[in-house]
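Here's query33.pdb, which has PDB, C-alpha atoms:
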```pdb
ATOM      1  CA  MET A   1       0.000   0.000   0.000  1.00  0.00           C
ATOM      2  CA  ALA A   2       1.377   3.359  -1.037  1.00  0.00           C
ATOM      3  CA  ASP A   3       1.735   6.133   1.474  1.00  0.00           C
ATOM      4  CA  HIS A   4      -1.194   8.501   1.819  1.00  0.00           C
ATOM      5  CA  GLU A   5      -3.651   5.704   1.189  1.00  0.00           C
ATOM      6  CA  LEU A   6      -6.036   3.976   3.500  1.00  0.00           C
ATOM      7  CA  ASP A   7      -7.592   0.592   2.753  1.00  0.00           C
ATOM      8  CA  ILE A   8     -10.165  -0.838   5.114  1.00  0.00           C
ATOM      9  CA  CYS A   9     -12.250  -3.951   4.702  1.00  0.00           C
ATOM     10  CA  LEU A  10     -14.862  -4.752   7.330  1.00  0.00           C
ATOM     11  CA  ALA A  11     -17.540  -7.348   8.004  1.00  0.00           C
ATOM     12  CA  ASN A  12     -21.113  -6.049   7.640  1.00  0.00           C
ATOM     13  CA  GLU A  13     -21.586  -5.830  11.404  1.00  0.00           C
ATOM     14  CA  ILE A  14     -22.618  -2.582  13.064  1.00  0.00           C
ATOM     15  CA  GLY A  15     -20.056  -3.204  15.811  1.00  0.00           C
ATOM     16  CA  LYS A  16     -17.319  -2.542  13.239  1.00  0.00           C
ATOM     17  CA  LEU A  17     -18.324   1.127  13.059  1.00  0.00           C
ATOM     18  CA  GLU A  18     -15.921   1.930  15.877  1.00  0.00           C
ATOM     19  CA  THR A  19     -13.022   0.341  14.002  1.00  0.00           C
ATOM     20  CA  LEU A  20     -13.913   2.380  10.938  1.00  0.00           C
ATOM     21  CA  ALA A  21     -14.034   5.618  12.944  1.00  0.00           C
ATOM     22  CA  GLU A  22     -10.713   4.889  14.654  1.00  0.00           C
ATOM     23  CA  ARG A  23      -8.912   4.045  11.409  1.00  0.00           C
ATOM     24  CA  LEU A  24     -10.224   7.195   9.735  1.00  0.00           C
ATOM     25  CA  GLU A  25      -9.295   9.323  12.729  1.00  0.00           C
ATOM     26  CA  ALA A  26      -5.734   7.983  12.601  1.00  0.00           C
ATOM     27  CA  TYR A  27      -5.593   8.586   8.848  1.00  0.00           C
ATOM     28  CA  VAL A  28      -6.778  12.203   8.898  1.00  0.00           C
ATOM     29  CA  GLU A  29      -4.360  12.936  11.738  1.00  0.00           C
ATOM     30  CA  ALA A  30      -1.413  11.338   9.975  1.00  0.00           C
ATOM     31  CA  GLU A  31      -2.253  13.191   6.759  1.00  0.00           C
ATOM     32  CA  ALA A  32      -2.954  16.476   8.579  1.00  0.00           C
ATOM     33  CA  ILE A  33      -6.313  16.764   6.815  1.00  0.00           C
ATOM     34  CA  PRO A  34      -8.011  20.030   7.892  1.00  0.00           C
ATOM     35  CA  PRO A  35     -10.934  19.628  10.320  1.00  0.00           C
ATOM     36  CA  THR A  36     -13.764  20.365   7.879  1.00  0.00           C
ATOM     37  CA  PRO A  37     -12.877  17.883   5.090  1.00  0.00           C
ATOM     38  CA  ALA A  38     -11.820  15.391   7.792  1.00  0.00           C
ATOM     39  CA  TYR A  39     -15.266  15.656   9.374  1.00  0.00           C
ATOM     40  CA  ARG A  40     -17.039  15.362   6.015  1.00  0.00           C
ATOM     41  CA  LEU A  41     -15.065  12.214   5.183  1.00  0.00           C
ATOM     42  CA  GLN A  42     -15.835  10.635   8.546  1.00  0.00           C
ATOM     43  CA  LEU A  43     -19.503  11.488   8.256  1.00  0.00           C
ATOM     44  CA  ALA A  44     -19.705   9.991   4.752  1.00  0.00           C
ATOM     45  CA  ALA A  45     -18.009   6.779   5.876  1.00  0.00           C
ATOM     46  CA  ASP A  46     -20.306   6.534   8.887  1.00  0.00           C
ATOM     47  CA  GLU A  47     -23.500   7.098   6.880  1.00  0.00           C
ATOM     48  CA  PHE A  48     -22.547   4.662   4.126  1.00  0.00           C
ATOM     49  CA  PHE A  49     -21.430   1.976   6.512  1.00  0.00           C
ATOM     50  CA  ASN A  50     -24.668   2.257   8.496  1.00  0.00           C
ATOM     51  CA  ASN A  51     -26.820   2.214   5.359  1.00  0.00           C
ATOM     52  CA  ALA A  52     -25.028  -0.810   3.921  1.00  0.00           C
ATOM     53  CA  VAL A  53     -25.297  -2.760   7.174  1.00  0.00           C
ATOM     54  CA  ASP A  54     -28.952  -1.786   7.745  1.00  0.00           C
ATOM     55  CA  TYR A  55     -30.345  -2.268   4.233  1.00  0.00           C
ATOM     56  CA  GLY A  56     -27.814  -4.086   2.022  1.00  0.00           C
ATOM     57  CA  TYR A  57     -28.204  -7.583   3.426  1.00  0.00           C
ATOM     58  CA  PRO A  58     -31.898  -8.115   4.261  1.00  0.00           C
ATOM     59  CA  ASP A  59     -31.446 -11.914   4.246  1.00  0.00           C
ATOM     60  CA  GLY A  60     -28.865 -11.625   7.008  1.00  0.00           C
ATOM     61  CA  ARG A  61     -25.960 -13.011   4.964  1.00  0.00           C
ATOM     62  CA  ALA A  62     -22.382 -12.165   5.812  1.00  0.00           C
ATOM     63  CA  GLY A  63     -20.916  -9.420   3.670  1.00  0.00           C
ATOM     64  CA  GLU A  64     -17.940  -7.202   3.167  1.00  0.00           C
ATOM     65  CA  ILE A  65     -17.800  -3.407   3.192  1.00  0.00           C
ATOM     66  CA  ALA A  66     -14.665  -1.682   1.991  1.00  0.00           C
ATOM     67  CA  LEU A  67     -13.347   1.850   2.073  1.00  0.00           C
ATOM     68  CA  ARG A  68     -10.368   3.188   0.233  1.00  0.00           C
ATOM     69  CA  VAL A  69      -9.201   6.756   0.738  1.00  0.00           C
ATOM     70  CA  ARG A  70      -6.408   8.493  -1.060  1.00  0.00           C
ATOM     71  CA  ARG A  71      -5.120  11.971  -1.231  1.00  0.00           C
ATOM     72  CA  ALA A  72      -4.213  13.417  -4.616  1.00  0.00           C
ATOM     73  CA  GLY A  73      -2.925  16.935  -4.287  1.00  0.00           C
ATOM     74  CA  ASN A  74      -5.716  19.085  -2.957  1.00  0.00           C
ATOM     75  CA  VAL A  75      -8.391  16.428  -3.277  1.00  0.00           C
ATOM     76  CA  LEU A  76      -9.374  13.586  -1.015  1.00  0.00           C
ATOM     77  CA  GLU A  77     -10.991  10.701  -2.863  1.00  0.00           C
ATOM     78  CA  ALA A  78     -13.029   8.082  -1.003  1.00  0.00           C
ATOM     79  CA  ILE A  79     -14.317   4.881  -2.604  1.00  0.00           C
ATOM     80  CA  PHE A  80     -16.880   2.876  -0.659  1.00  0.00           C
ATOM     81  CA  SER A  81     -17.914  -0.533  -1.861  1.00  0.00           C
ATOM     82  CA  ASP A  82     -20.094  -3.297  -0.524  1.00  0.00           C
ATOM     83  CA  ASP A  83     -21.445  -6.622  -1.764  1.00  0.00           C
ATOM     84  CA  GLY A  84     -24.965  -5.884  -0.561  1.00  0.00           C
ATOM     85  CA  ASN A  85     -28.057  -5.743  -2.757  1.00  0.00           C
ATOM     86  CA  ALA A  86     -27.817  -3.274  -5.637  1.00  0.00           C
ATOM     87  CA  PHE A  87     -28.763   0.197  -4.404  1.00  0.00           C
ATOM     88  CA  ASP A  88     -27.976   3.616  -5.802  1.00  0.00           C
ATOM     89  CA  PRO A  89     -28.302   5.996  -2.848  1.00  0.00           C
ATOM     90  CA  PHE A  90     -28.282   9.049  -5.085  1.00  0.00           C
ATOM     91  CA  GLN A  91     -31.466   7.962  -6.850  1.00  0.00           C
ATOM     92  CA  ALA A  92     -33.384   8.152  -3.588  1.00  0.00           C
ATOM     93  CA  PRO A  93     -35.600  11.237  -3.213  1.00  0.00           C
ATOM     94  CA  ALA A  94     -34.055  14.074  -1.239  1.00  0.00           C
ATOM     95  CA  PRO A  95     -35.607  14.660   2.174  1.00  0.00           C
ATOM     96  CA  ASP A  96     -37.768  17.731   2.692  1.00  0.00           C
ATOM     97  CA  ILE A  97     -35.375  19.896   4.671  1.00  0.00           C
ATOM     98  CA  ALA A  98     -37.460  23.044   4.430  1.00  0.00           C
ATOM     99  CA  GLY A  99     -40.594  21.687   6.105  1.00  0.00           C
ATOM    100  CA  SER A 100     -41.858  22.769   9.488  1.00  0.00           C
ATOM    101  CA  LEU A 101     -41.001  20.774  12.587  1.00  0.00           C
ATOM    102  CA  GLU A 102     -44.276  18.875  12.442  1.00  0.00           C
ATOM    103  CA  GLU A 103     -43.771  17.918   8.798  1.00  0.00           C
ATOM    104  CA  ARG A 104     -40.166  16.930   9.142  1.00  0.00           C
ATOM    105  CA  ARG A 105     -39.248  13.309   8.625  1.00  0.00           C
ATOM    106  CA  ILE A 106     -35.768  12.030   8.724  1.00  0.00           C
ATOM    107  CA  GLY A 107     -35.586   9.383   6.013  1.00  0.00           C
ATOM    108  CA  GLY A 108     -32.674   9.879   3.638  1.00  0.00           C
ATOM    109  CA  LEU A 109     -31.020  12.519   5.770  1.00  0.00           C
ATOM    110  CA  GLY A 110     -27.669  10.724   5.902  1.00  0.00           C
ATOM    111  CA  VAL A 111     -27.419  10.476   2.125  1.00  0.00           C
ATOM    112  CA  HIS A 112     -28.523  14.093   1.797  1.00  0.00           C
ATOM    113  CA  LEU A 113     -25.705  15.214   4.102  1.00  0.00           C
ATOM    114  CA  VAL A 114     -23.126  13.243   2.151  1.00  0.00           C
ATOM    115  CA  ARG A 115     -24.380  14.437  -1.228  1.00  0.00           C
ATOM    116  CA  THR A 116     -24.305  18.052  -0.073  1.00  0.00           C
ATOM    117  CA  LEU A 117     -20.960  17.987   1.719  1.00  0.00           C
ATOM    118  CA  ALA A 118     -18.978  16.082  -0.912  1.00  0.00           C
ATOM    119  CA  ASP A 119     -17.670  17.983  -3.942  1.00  0.00           C
ATOM    120  CA  SER A 120     -18.623  15.128  -6.251  1.00  0.00           C
ATOM    121  CA  VAL A 121     -20.535  11.869  -5.895  1.00  0.00           C
ATOM    122  CA  ALA A 122     -20.842   8.906  -8.266  1.00  0.00           C
ATOM    123  CA  TYR A 123     -22.411   5.456  -8.072  1.00  0.00           C
ATOM    124  CA  ARG A 124     -21.799   2.349 -10.124  1.00  0.00           C
ATOM    125  CA  ARG A 125     -22.633  -1.342  -9.818  1.00  0.00           C
ATOM    126  CA  GLU A 126     -19.550  -3.351 -10.609  1.00  0.00           C
ATOM    127  CA  ASP A 127     -18.838  -7.074 -10.230  1.00  0.00           C
ATOM    128  CA  GLY A 128     -21.720  -7.524  -7.825  1.00  0.00           C
ATOM    129  CA  ARG A 129     -20.715  -4.584  -5.665  1.00  0.00           C
ATOM    130  CA  ASN A 130     -22.135  -1.136  -5.017  1.00  0.00           C
ATOM    131  CA  VAL A 131     -19.324   1.349  -5.581  1.00  0.00           C
ATOM    132  CA  VAL A 132     -19.685   4.955  -4.457  1.00  0.00           C
ATOM    133  CA  THR A 133     -16.925   7.436  -5.226  1.00  0.00           C
ATOM    134  CA  LEU A 134     -16.770  10.754  -3.417  1.00  0.00           C
ATOM    135  CA  THR A 135     -14.327  13.631  -3.544  1.00  0.00           C
ATOM    136  CA  PHE A 136     -13.658  16.294  -0.949  1.00  0.00           C
ATOM    137  CA  SER A 137     -11.665  19.409  -1.637  1.00  0.00           C
ATOM    138  CA  LEU A 138      -8.869  20.175   0.795  1.00  0.00           C
ATOM    139  CA  ALA A 139      -8.842  23.818  -0.244  1.00  0.00           C
ATOM    140  CA  ALA A 140     -10.066  26.175   2.433  1.00  0.00           C
ATOM    141  CA  THR A 141     -13.826  26.606   2.565  1.00  0.00           C
ATOM    142  CA  PRO A 142     -15.559  29.170   4.747  1.00  0.00           C
ATOM    143  CA  GLN A 143     -16.423  27.759   8.135  1.00  0.00           C
ATOM    144  CA  GLY A 144     -19.881  26.362   8.429  1.00  0.00           C
ATOM    145  CA  SER A 145     -20.773  26.623   4.754  1.00  0.00           C
ATOM    146  CA  ALA A 146     -21.224  23.831   2.270  1.00  0.00           C
ATOM    147  CA  PRO A 147     -18.926  23.820  -0.780  1.00  0.00           C
ATOM    148  CA  GLU A 148     -21.784  24.482  -3.183  1.00  0.00           C
ATOM    149  CA  SER A 149     -22.936  27.651  -1.430  1.00  0.00           C
TER     150      SER A 149
ATOM    151  CA  MET B   1     -17.944   7.147  23.581  1.00  0.00           C
ATOM    152  CA  ILE B   2     -20.304   9.674  25.058  1.00  0.00           C
ATOM    153  CA  HIS B   3     -20.768  11.403  28.369  1.00  0.00           C
ATOM    154  CA  ILE B   4     -23.976  13.186  29.289  1.00  0.00           C
ATOM    155  CA  GLU B   5     -24.462  15.544  32.205  1.00  0.00           C
ATOM    156  CA  ARG B   6     -27.523  17.436  33.315  1.00  0.00           C
ATOM    157  CA  PHE B   7     -27.825  20.409  35.615  1.00  0.00           C
ATOM    158  CA  VAL B   8     -30.194  23.285  36.227  1.00  0.00           C
ATOM    159  CA  GLU B   9     -29.412  26.974  35.764  1.00  0.00           C
ATOM    160  CA  GLY B  10     -32.385  29.050  36.859  1.00  0.00           C
ATOM    161  CA  ASN B  11     -35.358  27.758  34.862  1.00  0.00           C
ATOM    162  CA  VAL B  12     -33.130  26.178  32.217  1.00  0.00           C
ATOM    163  CA  VAL B  13     -32.238  22.497  32.243  1.00  0.00           C
ATOM    164  CA  VAL B  14     -28.816  22.195  30.645  1.00  0.00           C
ATOM    165  CA  THR B  15     -27.822  18.867  29.130  1.00  0.00           C
ATOM    166  CA  ALA B  16     -24.131  18.831  28.260  1.00  0.00           C
ATOM    167  CA  VAL B  17     -22.971  16.157  25.831  1.00  0.00           C
ATOM    168  CA  ARG B  18     -19.326  15.219  25.452  1.00  0.00           C
ATOM    169  CA  GLY B  19     -17.953  12.945  22.751  1.00  0.00           C
ATOM    170  CA  ARG B  20     -19.512  11.605  19.561  1.00  0.00           C
ATOM    171  CA  LEU B  21     -23.156  11.160  18.602  1.00  0.00           C
ATOM    172  CA  ASP B  22     -23.234   8.357  16.058  1.00  0.00           C
ATOM    173  CA  SER B  23     -25.503   5.354  15.598  1.00  0.00           C
ATOM    174  CA  SER B  24     -23.933   3.490  18.505  1.00  0.00           C
ATOM    175  CA  SER B  25     -23.981   6.318  21.070  1.00  0.00           C
ATOM    176  CA  SER B  26     -27.129   8.246  20.079  1.00  0.00           C
ATOM    177  CA  PRO B  27     -29.548   5.832  21.816  1.00  0.00           C
ATOM    178  CA  LYS B  28     -28.003   6.929  25.135  1.00  0.00           C
ATOM    179  CA  LEU B  29     -28.954  10.556  24.525  1.00  0.00           C
ATOM    180  CA  ASP B  30     -32.341   9.393  23.263  1.00  0.00           C
ATOM    181  CA  GLU B  31     -32.947   7.599  26.568  1.00  0.00           C
ATOM    182  CA  PHE B  32     -31.702  10.600  28.503  1.00  0.00           C
ATOM    183  CA  LEU B  33     -34.180  12.908  26.733  1.00  0.00           C
ATOM    184  CA  ALA B  34     -37.066  10.433  26.583  1.00  0.00           C
ATOM    185  CA  GLU B  35     -39.047  11.878  29.481  1.00  0.00           C
ATOM    186  CA  ALA B  36     -41.422  14.601  28.372  1.00  0.00           C
ATOM    187  CA  PRO B  37     -40.407  17.961  29.838  1.00  0.00           C
ATOM    188  CA  ALA B  38     -42.879  20.002  31.887  1.00  0.00           C
ATOM    189  CA  GLY B  39     -44.756  22.769  30.117  1.00  0.00           C
ATOM    190  CA  GLY B  40     -42.773  26.014  30.127  1.00  0.00           C
ATOM    191  CA  GLU B  41     -39.515  24.202  30.794  1.00  0.00           C
ATOM    192  CA  VAL B  42     -36.458  25.236  28.775  1.00  0.00           C
ATOM    193  CA  ILE B  43     -34.016  22.568  27.622  1.00  0.00           C
ATOM    194  CA  LEU B  44     -30.585  23.635  26.457  1.00  0.00           C
ATOM    195  CA  LEU B  45     -28.356  21.067  24.766  1.00  0.00           C
ATOM    196  CA  ASP B  46     -24.797  22.239  25.339  1.00  0.00           C
ATOM    197  CA  PHE B  47     -22.713  20.717  22.553  1.00  0.00           C
ATOM    198  CA  ALA B  48     -19.436  22.524  23.327  1.00  0.00           C
ATOM    199  CA  ASP B  49     -17.655  19.190  23.744  1.00  0.00           C
ATOM    200  CA  LEU B  50     -19.529  17.369  21.012  1.00  0.00           C
ATOM    201  CA  SER B  51     -16.875  16.576  18.432  1.00  0.00           C
ATOM    202  CA  TYR B  52     -19.105  14.705  15.991  1.00  0.00           C
ATOM    203  CA  ILE B  53     -22.739  14.169  15.046  1.00  0.00           C
ATOM    204  CA  SER B  54     -24.172  11.955  12.290  1.00  0.00           C
ATOM    205  CA  SER B  55     -27.734  11.657  11.001  1.00  0.00           C
ATOM    206  CA  ALA B  56     -28.365   9.212  13.862  1.00  0.00           C
ATOM    207  CA  GLY B  57     -27.590  11.985  16.353  1.00  0.00           C
ATOM    208  CA  LEU B  58     -29.689  14.497  14.406  1.00  0.00           C
ATOM    209  CA  ARG B  59     -32.665  12.126  14.637  1.00  0.00           C
ATOM    210  CA  VAL B  60     -32.417  12.158  18.425  1.00  0.00           C
ATOM    211  CA  VAL B  61     -32.204  15.964  18.516  1.00  0.00           C
ATOM    212  CA  LEU B  62     -35.232  16.260  16.210  1.00  0.00           C
ATOM    213  CA  LYS B  63     -37.220  13.793  18.294  1.00  0.00           C
ATOM    214  CA  ALA B  64     -36.414  15.723  21.487  1.00  0.00           C
ATOM    215  CA  THR B  65     -37.382  18.987  19.773  1.00  0.00           C
ATOM    216  CA  LYS B  66     -40.747  17.556  18.759  1.00  0.00           C
ATOM    217  CA  LEU B  67     -41.321  16.170  22.244  1.00  0.00           C
ATOM    218  CA  ALA B  68     -40.520  19.558  23.793  1.00  0.00           C
ATOM    219  CA  ARG B  69     -42.798  21.372  21.359  1.00  0.00           C
ATOM    220  CA  SER B  70     -45.704  19.005  22.048  1.00  0.00           C
ATOM    221  CA  SER B  71     -45.182  19.409  25.811  1.00  0.00           C
ATOM    222  CA  GLY B  72     -45.199  23.192  25.669  1.00  0.00           C
ATOM    223  CA  ALA B  73     -41.481  23.319  26.461  1.00  0.00           C
ATOM    224  CA  THR B  74     -38.637  24.936  24.516  1.00  0.00           C
ATOM    225  CA  LEU B  75     -35.462  23.295  23.245  1.00  0.00           C
ATOM    226  CA  ALA B  76     -32.340  25.094  22.065  1.00  0.00           C
ATOM    227  CA  VAL B  77     -28.737  24.143  21.431  1.00  0.00           C
ATOM    228  CA  CYS B  78     -25.512  26.018  21.999  1.00  0.00           C
ATOM    229  CA  CYS B  79     -21.786  26.012  21.422  1.00  0.00           C
ATOM    230  CA  LEU B  80     -21.556  24.022  18.177  1.00  0.00           C
ATOM    231  CA  ILE B  81     -18.101  23.502  16.709  1.00  0.00           C
ATOM    232  CA  PRO B  82     -17.996  24.700  13.056  1.00  0.00           C
ATOM    233  CA  GLN B  83     -18.227  21.186  11.593  1.00  0.00           C
ATOM    234  CA  VAL B  84     -21.254  20.274  13.702  1.00  0.00           C
ATOM    235  CA  HIS B  85     -22.804  23.636  12.865  1.00  0.00           C
ATOM    236  CA  GLU B  86     -22.357  22.813   9.178  1.00  0.00           C
ATOM    237  CA  VAL B  87     -24.286  19.559   9.635  1.00  0.00           C
ATOM    238  CA  PHE B  88     -27.103  21.461  11.386  1.00  0.00           C
ATOM    239  CA  ASP B  89     -27.175  23.954   8.480  1.00  0.00           C
ATOM    240  CA  VAL B  90     -27.126  21.366   5.700  1.00  0.00           C
ATOM    241  CA  SER B  91     -29.863  19.275   7.327  1.00  0.00           C
ATOM    242  CA  GLY B  92     -32.107  22.321   7.664  1.00  0.00           C
ATOM    243  CA  PHE B  93     -32.108  22.016  11.473  1.00  0.00           C
ATOM    244  CA  SER B  94     -30.815  25.560  11.877  1.00  0.00           C
ATOM    245  CA  THR B  95     -34.216  26.880  10.841  1.00  0.00           C
ATOM    246  CA  LEU B  96     -36.064  24.617  13.310  1.00  0.00           C
ATOM    247  CA  ILE B  97     -33.929  24.828  16.420  1.00  0.00           C
ATOM    248  CA  PRO B  98     -32.495  27.993  17.979  1.00  0.00           C
ATOM    249  CA  ILE B  99     -28.683  27.823  17.983  1.00  0.00           C
ATOM    250  CA  HIS B 100     -26.771  30.022  20.422  1.00  0.00           C
ATOM    251  CA  PRO B 101     -23.038  30.714  20.138  1.00  0.00           C
ATOM    252  CA  SER B 102     -22.331  30.285  23.871  1.00  0.00           C
ATOM    253  CA  ARG B 103     -24.024  29.032  26.989  1.00  0.00           C
ATOM    254  CA  GLU B 104     -24.049  32.569  28.384  1.00  0.00           C
ATOM    255  CA  ALA B 105     -25.787  33.884  25.270  1.00  0.00           C
ATOM    256  CA  ALA B 106     -28.294  31.040  25.447  1.00  0.00           C
ATOM    257  CA  LEU B 107     -29.079  31.623  29.124  1.00  0.00           C
ATOM    258  CA  ALA B 108     -29.388  35.372  28.566  1.00  0.00           C
ATOM    259  CA  THR B 109     -32.046  34.688  25.922  1.00  0.00           C
ATOM    260  CA  LEU B 110     -33.816  31.715  27.486  1.00  0.00           C
ATOM    261  CA  ALA B 111     -33.703  32.280  31.230  1.00  0.00           C
TER     262      ALA B 111
END
```
Would you give me this structure, written as structure tokens?
Amino acid sequence: MADHELDICLANEIGKLETLAERLEAYVEAEAIPPTPAYRLQLAADEFFNNAVDYGYPDGRAGEIALRVRRAGNVLEAIFSDDGNAFDPFQAPAPDIAGSLEERRIGGLGVHLVRTLADSVAYRREDGRNVVTLTFSLAATPQGSAPES
Amino acid sequence: MIHIERFVEGNVVVTAVRGRLDSSSSPKLDEFLAEAPAGGEVILLDFADLSYISSAGLRVVLKATKLARSSGATLAVCCLIPQVHEVFDVSGFSTLIPIHPSREAALATLA
């Protein structure tokens, strides 16, 4: 494995979330990734891992969820893949985030956060795996604002 | 890992959360906030030491906000780090839940 790259492969068990978080934490520290892209990467990994575990294997079979992160210049690229049932998260309807408190439901919020906070998102189904590729810019962004704003 | 503390300042019940709110820790905050507040009560979630929140944590905050609203109580948050604030903004929570920059500012408004 080249420097500046992280490769993680985990069983589809929710208990592995802690391992994922710890490995990512160590990676962003070692790479001196600024706090905002580091947070966005960790959030994306967390949301995808949870979604894959919760919905990818409805028959309860054992599966494998992988994450590869690499830094190329000013861009952080993250590739998530899992061997769960085919599912394109970006085809799901966006949640209504402008509704009143009473109207607000939470379905799809995780994917919405990831889609908004990543600079690019892509999905493909490849060799029986869901593959999601995200990029995060390491260039300075104003605090508390999404890159698209 | 998460640590939750509750104390009362005047008529405001402050719940301070330290650590991470993800899918494994959020149920603990959910349990902590499960009891319906009394009418007129003010709940302040102090997130100064909250380093991380995912959609699982946001769900718990939304649920507590709805519970407070239906009980005639008020819920606000304070002291978000910039990355957590960004998640509140992007999820649209900033328009639903009052966010105060500091505990002092929150108490000055709410107490």
Checklist entry - Taking all atoms listed in the file into account, which residues of chain B are within 6 Å of chain A, as JSON, numbers by chain? => result {"B": [55, 82, 83, 85, 86, 92]}
Checklist entry - the PyMOL selection byres ((chain B and resi 109) around 12) on the file shown: which residues, as number ranges by chain? => result B: 11-12, 42, 44, 74, 76-78, 98-108, 110-111
Item to check | Contacts of region 55-59 of chain A at 6 Å (only C-alpha atoms; same-chain gap of 3+ positions) as a PyMOL selection string | outcome: chain A and resi 51-52+84-85
Checklist entry - If you apply the PyMOL selection byres ((chain B and resi 25) around 10) to this file, what residues do you get, as a PyMOL selection string? => result chain B and resi 1-3+19-24+26-30+53+56-57
Next on the checklist: What would the selection look like, as a VMD selection string, if the PyMOL selection byres ((chain A and resi 128-137) around 8) were run on the coordinates I just shared?
Outcome noted: chain A and resid 37 40 to 41 74 to 88 117 to 127 138 to 139
Padding of 8 Å on every side, edges along x, y and z, all listed atoms of region 52-69 of chain A included: what centre and edge lengths in Å, to one decimal, does that box have, as AutoDock Vina command-line options?
```
--center_x -20.5 --center_y -3.1 --center_z 4.0 --size_x 38.7 --size_y 35.8 --size_z 23.5
```
Item to check | Separation of CA of Gln91 (chain A) from CA of Arg115 (chain A), in Å and rounded to one decimal | outcome: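 Between CA of Gln91 (chain A) and CA of Arg115 (chain A) the gap is 11.1 Å.
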Next on the checklist: Neighbouring residues of Asp49 (chain B) were defined as those with any atom within 9 Å, considering all atoms listed in the file; residues of the same chain fewer than 5 positions away were excluded. Please report them as number ranges by chain.
Outcome noted: B: 16-20, 79-81
